[in-house]
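Participant: One structure, as structure tokens, below. Some questions next.
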Amino acid sequence: HLTLARNTIYARYGRTFKDSELNAYFSKQPWYEPNPEYRDSMLSDLERKNAKFIMAFQEKYGLQW
């Protein structure tokens with residue numbers, strides 16, 4: 001699922017999610033640790049590019065949930 005793939009990039013750094021489905025999914029992952037200090041600047045350039053690429057693909061083909 002592309003939304004999960006895209007948000008896994010952020011979740012690895014502890015981003016918290018307002019979306020209840022994403023929050024529920026990542027809260028169940030043993031590796032997920034919410035980080036109240038999360039900032040997008042924590043991501044590498046490649047991670048940011050990948051997240052943007054996935055989002056653009058989802059928007060182009062109407063694949064968001």
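Residues are named by chain letter and number: chains run A, B, ... in the order of the structure tokens, numbers start at 1 in each chain, and ligands are numbered from 1 in the order shown.
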Give me, as a count of residues only, all polymer residues having an atom no more than 12 Å from A:Phe26, counting only C-alpha atoms and skipping those fewer than 3 positions away in the same chain.
Facilitator: 25
Participant: Could you find all residues in chain A that DSSP calls alpha helix (DSSP H) from the backbone, and write them as an NGL selection string?
Facilitator: :A and (2-11 or 20-27 or 45-61)
Participant: Please produce a file of the residues just selected, as a PDB file, in the first residue's frame, where the atoms kept are C-alpha atoms.
Facilitator:
```pdb
ATOM      1  CA  LEU A   2       1.585   3.258  -1.122  1.00  0.00           C
ATOM      2  CA  THR A   3       0.287   5.385   1.755  1.00  0.00           C
ATOM      3  CA  LEU A   4       1.867   3.008   4.253  1.00  0.00           C
ATOM      4  CA  ALA A   5       5.106   2.860   2.268  1.00  0.00           C
ATOM      5  CA  ARG A   6       5.321   6.650   2.120  1.00  0.00           C
ATOM      6  CA  ASN A   7       4.522   7.161   5.769  1.00  0.00           C
ATOM      7  CA  THR A   8       6.903   4.429   6.900  1.00  0.00           C
ATOM      8  CA  ILE A   9       9.666   6.791   5.825  1.00  0.00           C
ATOM      9  CA  TYR A  10       8.430   9.297   8.414  1.00  0.00           C
ATOM     10  CA  ALA A  11       7.485   6.724  11.035  1.00  0.00           C
ATOM     11  CA  SER A  20      -6.357   7.477  12.929  1.00  0.00           C
ATOM     12  CA  GLU A  21      -5.641   4.580  10.523  1.00  0.00           C
ATOM     13  CA  LEU A  22      -1.974   5.493  10.176  1.00  0.00           C
ATOM     14  CA  ASN A  23      -1.663   6.091  13.901  1.00  0.00           C
ATOM     15  CA  ALA A  24      -3.242   2.702  14.669  1.00  0.00           C
ATOM     16  CA  TYR A  25      -1.072   0.892  12.124  1.00  0.00           C
ATOM     17  CA  PHE A  26       2.238   2.343  13.234  1.00  0.00           C
ATOM     18  CA  SER A  27       1.396   2.064  16.936  1.00  0.00           C
ATOM     19  CA  ASP A  45      17.600  13.907   0.911  1.00  0.00           C
ATOM     20  CA  LEU A  46      16.861  10.496  -0.601  1.00  0.00           C
ATOM     21  CA  GLU A  47      14.084   9.793   1.897  1.00  0.00           C
ATOM     22  CA  ARG A  48      12.481  13.174   1.163  1.00  0.00           C
ATOM     23  CA  LYS A  49      12.726  12.537  -2.584  1.00  0.00           C
ATOM     24  CA  ASN A  50      11.184   9.069  -2.215  1.00  0.00           C
ATOM     25  CA  ALA A  51       8.288  10.389  -0.115  1.00  0.00           C
ATOM     26  CA  LYS A  52       7.632  13.169  -2.650  1.00  0.00           C
ATOM     27  CA  PHE A  53       7.831  10.695  -5.530  1.00  0.00           C
ATOM     28  CA  ILE A  54       5.309   8.342  -3.915  1.00  0.00           C
ATOM     29  CA  MET A  55       2.975  11.272  -3.117  1.00  0.00           C
ATOM     30  CA  ALA A  56       3.151  12.575  -6.694  1.00  0.00           C
ATOM     31  CA  PHE A  57       2.419   9.086  -8.044  1.00  0.00           C
ATOM     32  CA  GLN A  58      -0.559   8.747  -5.688  1.00  0.00           C
ATOM     33  CA  GLU A  59      -1.912  12.152  -6.706  1.00  0.00           C
ATOM     34  CA  LYS A  60      -1.453  11.457 -10.419  1.00  0.00           C
ATOM     35  CA  TYR A  61      -3.349   8.172 -10.259  1.00  0.00           C
TER      36      TYR A  61
END
```
